[in-house]
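Data first, discussion second: the structure below is written as structure tokens.
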Amino acid sequence: MSPDESGTPVAADLPPLLGCESCGLVSEDVLGADIERAAASPRRRVQKCSRCGHVLHARKPMSVQRTWACVVAAAVLYVPANVLPIMTTVQALQHEDHTLIGGILELWGEGSWGLSIIVFIASIAVPVLKIGVLGLLAWTSRHRPAWRRLERAKLYRLIEAVGHWSMLDVYVVVLLAATIRFGPLAGVQAGPALLAFAAVVVLTMLATYAFDPKLIWDDPHARRTA
Amino acid sequence: MSRERDSLVVCGQCGKAHRWRPLAPTSVARCTRCEAILGRGHRGTIQSLLSLTITATVIFLIALASDVLTLDMRGVARSTTLPGAISAMWEEGQQAIAVLTAITALIAPALFLGLRLYVLVPLAAGRLPRGFAACVRLLHLAGRWNMVEVFTIGALLSLVRLSSLADAVPGPGLFGLGAVMILFAGIESAGLKHLWWQVR
């Protein structure tokens with residue numbers, strides 16, 4: 001996958017440039033690319049795109065702090081999401097609690113291996129991957145800035161692309177609860193884990209958008225000595 | 001509808017600046033440092049994007065009004081639509097889940113289509129719509145939180161799980177959502193920044 005020759009890099013003697021996230025227009029960074037200071041003070045002066053008025057950042061403000069806050073909250077909520085029942089089924093007056101993993105094992109036991117693998121990927125693998133990768137990215141951006149940059153950039157793009165698929169199980173419970181409504185004969189109720197799990201999905205998405213992938217390419221140590 | 005030769009492009013993922021060279025229709029330009037996609041070749045016209053958006057809007061409205069799933073249990077049938085599932089969650093006391101489902105499967109896709117229509121109709125006629133910059137910013141946000149494709153796969157999964165209980169039948173809403181899912185992918189592949197190339 002070599003880069004296409006049509007995107008030729010510009011010479012390094014240009015001033016620091018900022019691309020607008022909304023319209024793509026490139027402007028000169030008039031506030032200066034002082035990353036240390038920008039990260040330290042969120043209330044610095046802002047520069048706006050001259051074409052569409054969107055705020056331009058050299059780096060997202062407080063990126064690493066906001067990422068950690070969301071990742072830690074998601075990791076904590078991931079425990080009740082797995083331990084508590086995600087739904088309760090009523091069948092002929094008998095109540096039965098189902099957990100997230102229990103549902104996957106049930107599908108596996110019924111012989112729906114393909115389905116159980118899909119649910120496992122969406123509900124277990126993707127959230128764990130997101131929490132792990134975001135923690136790794138936030139930690140390495142401060143402590144191991146030069147370590148495997150290209151691989152880290154690709155990991156970020158991966159979790160950005162697959163992030164919202166973990167909502168799958170939330171929608172399944174919503175649809176089951178809305179369809180199976182036969183009074184005391186048969187019914188499905190959402191359990192407390194559903195809210196915790198939905199919060200994990202939203203928090204990991206917020207963490208993904210809080211993290212600035214440009215931090216992967218910065219070198220804080222070199223900048224400090226310069 | 002193409003980016004000007006030699007105009008500057010900054011990689012959204014790593015911040016490296018590049019000079020743009022016009023691309024062949026199917027080729028993709030990648031960042032020379034982080035290999036993220038910088039831009040694609042010619043992606044069709046505003047008119048073709050508008051026609052895709054109109055198609056998706058019509059199908060999405062039909063899908064909202066029709067049953068996604070129908071469950072038949074010993075002669076008693078229960079069916080649900082997308083808005084119906086949201087209101088059932090609300091009535092059950094799971095308001096937070098109802099709001100989250102409404103935002104991601106109803107409001108975000110509605111904004112995704114509605115704002116595109118609002119912007120594309122005047123652009124196709126050669127005029128600039130009012131509040132264009134704010135619309136494009138909102139469209140970025142709507143694209144981020146739109147999960148109608150996840151909901152569609154979730155409905156398929158529910159169908160399989162329900163069929164072990166009783167007679168479960170997919171409704172026209174499910175087929176509609178499937179079509180919307182494919183159209184959304186086509187609309188989204190054009191990106192949003194190119195809308196600004198219409199404005200000179």
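How things are named: the first chain in the structure tokens is A, the next is B, and so on; residues count from 1 in each chain; ligands count from 1 in the order shown.
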
At most 6 Å to chain A: residues in chain B, only C-alpha atoms, as a list in words: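 Contact residues on the first chain: Val10, Gln13, Cys14, His18, Arg19, Trp20, Arg21, Ala29, Arg30, Thr32, Cys34, Arg78, Ser79, Thr80, Ala85, Ala88, Ala133, Arg137, Val150, Phe151, Gly154, Ser158 and Lys193 of chain B.
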
Residues from the last selection, N, CA and C atoms, saved as a compact mmCIF listing (two decimals), in the first residue's frame:
```txt
# COMPACT_ATOMS: atom_id res chain seq x y z
N VAL B 10 -4.29 19.16 3.97
CA VAL B 10 -3.64 18.73 5.20
C VAL B 10 -4.31 17.43 5.65
N GLN B 13 -5.65 13.15 9.82
CA GLN B 13 -5.22 12.22 10.87
C GLN B 13 -3.88 12.61 11.49
N CYS B 14 -2.93 13.12 10.68
CA CYS B 14 -1.62 13.40 11.27
C CYS B 14 -1.16 14.84 11.06
N HIS B 18 0.10 18.33 2.02
CA HIS B 18 0.41 17.78 0.70
C HIS B 18 -0.12 18.72 -0.37
N ARG B 19 0.47 18.59 -1.57
CA ARG B 19 -0.10 19.31 -2.71
C ARG B 19 -0.97 18.35 -3.50
N TRP B 20 -2.17 18.81 -3.89
CA TRP B 20 -3.12 17.93 -4.56
C TRP B 20 -2.80 17.77 -6.03
N ARG B 21 -2.83 16.52 -6.50
CA ARG B 21 -2.75 16.22 -7.94
C ARG B 21 -4.06 15.55 -8.31
N ALA B 29 -5.86 8.87 -2.93
CA ALA B 29 -4.60 9.48 -2.50
C ALA B 29 -4.45 9.25 -1.00
N ARG B 30 -3.28 8.77 -0.60
CA ARG B 30 -3.05 8.53 0.82
C ARG B 30 -1.94 9.42 1.34
N THR B 32 1.42 10.53 2.91
CA THR B 32 2.72 9.88 2.76
C THR B 32 3.32 9.50 4.12
N CYS B 34 1.15 8.88 7.38
CA CYS B 34 0.35 7.95 8.18
C CYS B 34 -0.56 7.06 7.34
N ARG B 78 -47.81 -9.64 17.29
CA ARG B 78 -47.27 -8.37 17.75
C ARG B 78 -46.24 -7.91 16.73
N SER B 79 -46.37 -6.65 16.30
CA SER B 79 -45.34 -6.15 15.39
C SER B 79 -44.84 -4.80 15.91
N THR B 80 -43.68 -4.44 15.44
CA THR B 80 -43.10 -3.19 15.91
C THR B 80 -42.44 -2.41 14.78
N ALA B 85 -40.66 0.88 18.69
CA ALA B 85 -39.71 0.26 19.61
C ALA B 85 -39.16 1.29 20.59
N ALA B 88 -41.87 2.11 23.13
CA ALA B 88 -42.06 1.00 24.06
C ALA B 88 -40.99 1.02 25.14
N ALA B 133 -22.39 26.82 6.08
CA ALA B 133 -21.27 26.38 6.92
C ALA B 133 -21.77 25.60 8.13
N ARG B 137 -21.22 21.54 9.18
CA ARG B 137 -20.71 21.13 10.50
C ARG B 137 -21.68 20.15 11.17
N VAL B 150 -26.27 -0.27 12.06
CA VAL B 150 -26.16 -1.18 13.20
C VAL B 150 -27.55 -1.64 13.64
N PHE B 151 -28.51 -0.71 13.62
CA PHE B 151 -29.89 -1.05 13.97
C PHE B 151 -30.45 -2.11 13.02
N GLY B 154 -29.02 -5.32 13.87
CA GLY B 154 -29.65 -5.69 15.14
C GLY B 154 -31.03 -6.27 14.94
N SER B 158 -32.33 -9.96 15.92
CA SER B 158 -33.53 -10.18 16.75
C SER B 158 -34.46 -11.16 16.06
N LYS B 193 -16.41 17.42 2.62
CA LYS B 193 -15.59 18.59 2.31
C LYS B 193 -15.73 19.02 0.86
```

Strand (DSSP E) call set, DSSP backbone run, region 88-172 of chain B, as a ChimeraX atom specification: /B:167-170

Selection to disk with all heavy atoms, as a CSV table (one decimal), in the first residue's frame:
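Output file part_32.csv follows:
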```
chain,number,residue,atom,x,y,z
B,167,ASP,N,-43.4,-17.8,15.5
B,167,ASP,CA,-43.3,-17.4,14.1
B,167,ASP,C,-42.9,-15.9,13.9
B,167,ASP,O,-43.7,-15.0,14.3
B,167,ASP,CB,-44.6,-17.6,13.4
B,167,ASP,CG,-44.9,-19.0,13.0
B,167,ASP,OD1,-43.8,-19.8,12.9
B,167,ASP,OD2,-46.0,-19.4,12.7
B,168,ALA,N,-41.6,-15.7,13.5
B,168,ALA,CA,-41.2,-14.3,13.3
B,168,ALA,C,-41.0,-14.0,11.9
B,168,ALA,O,-40.5,-14.8,11.1
B,168,ALA,CB,-39.9,-14.1,14.0
B,169,VAL,N,-41.6,-12.9,11.4
B,169,VAL,CA,-41.6,-12.5,10.0
B,169,VAL,C,-40.9,-11.2,9.9
B,169,VAL,O,-41.3,-10.2,10.6
B,169,VAL,CB,-43.0,-12.5,9.5
B,169,VAL,CG1,-43.0,-12.3,8.0
B,169,VAL,CG2,-43.8,-13.7,9.8
B,170,PRO,N,-40.0,-11.0,8.9
B,170,PRO,CA,-39.5,-9.6,8.7
B,170,PRO,C,-40.5,-8.8,8.0
B,170,PRO,O,-41.2,-9.3,7.1
B,170,PRO,CB,-38.3,-9.9,7.8
B,170,PRO,CG,-38.5,-11.2,7.1
B,170,PRO,CD,-39.4,-12.0,8.1
```

Spatial neighbours of region 114-128 of chain B, 12 Å, only C-alpha atoms, chain gap at least 4 places, as number ranges by chain: B: 1, 45-58, 60-61, 106-110, 132-143, 184, 187-188, 191-192, 194-200

Which of B:Ala105, B:Leu69, B:Leu162, B:Ile182 sits closest to Arg144 (chain B) [using only C-alpha atoms]: B:Ala105
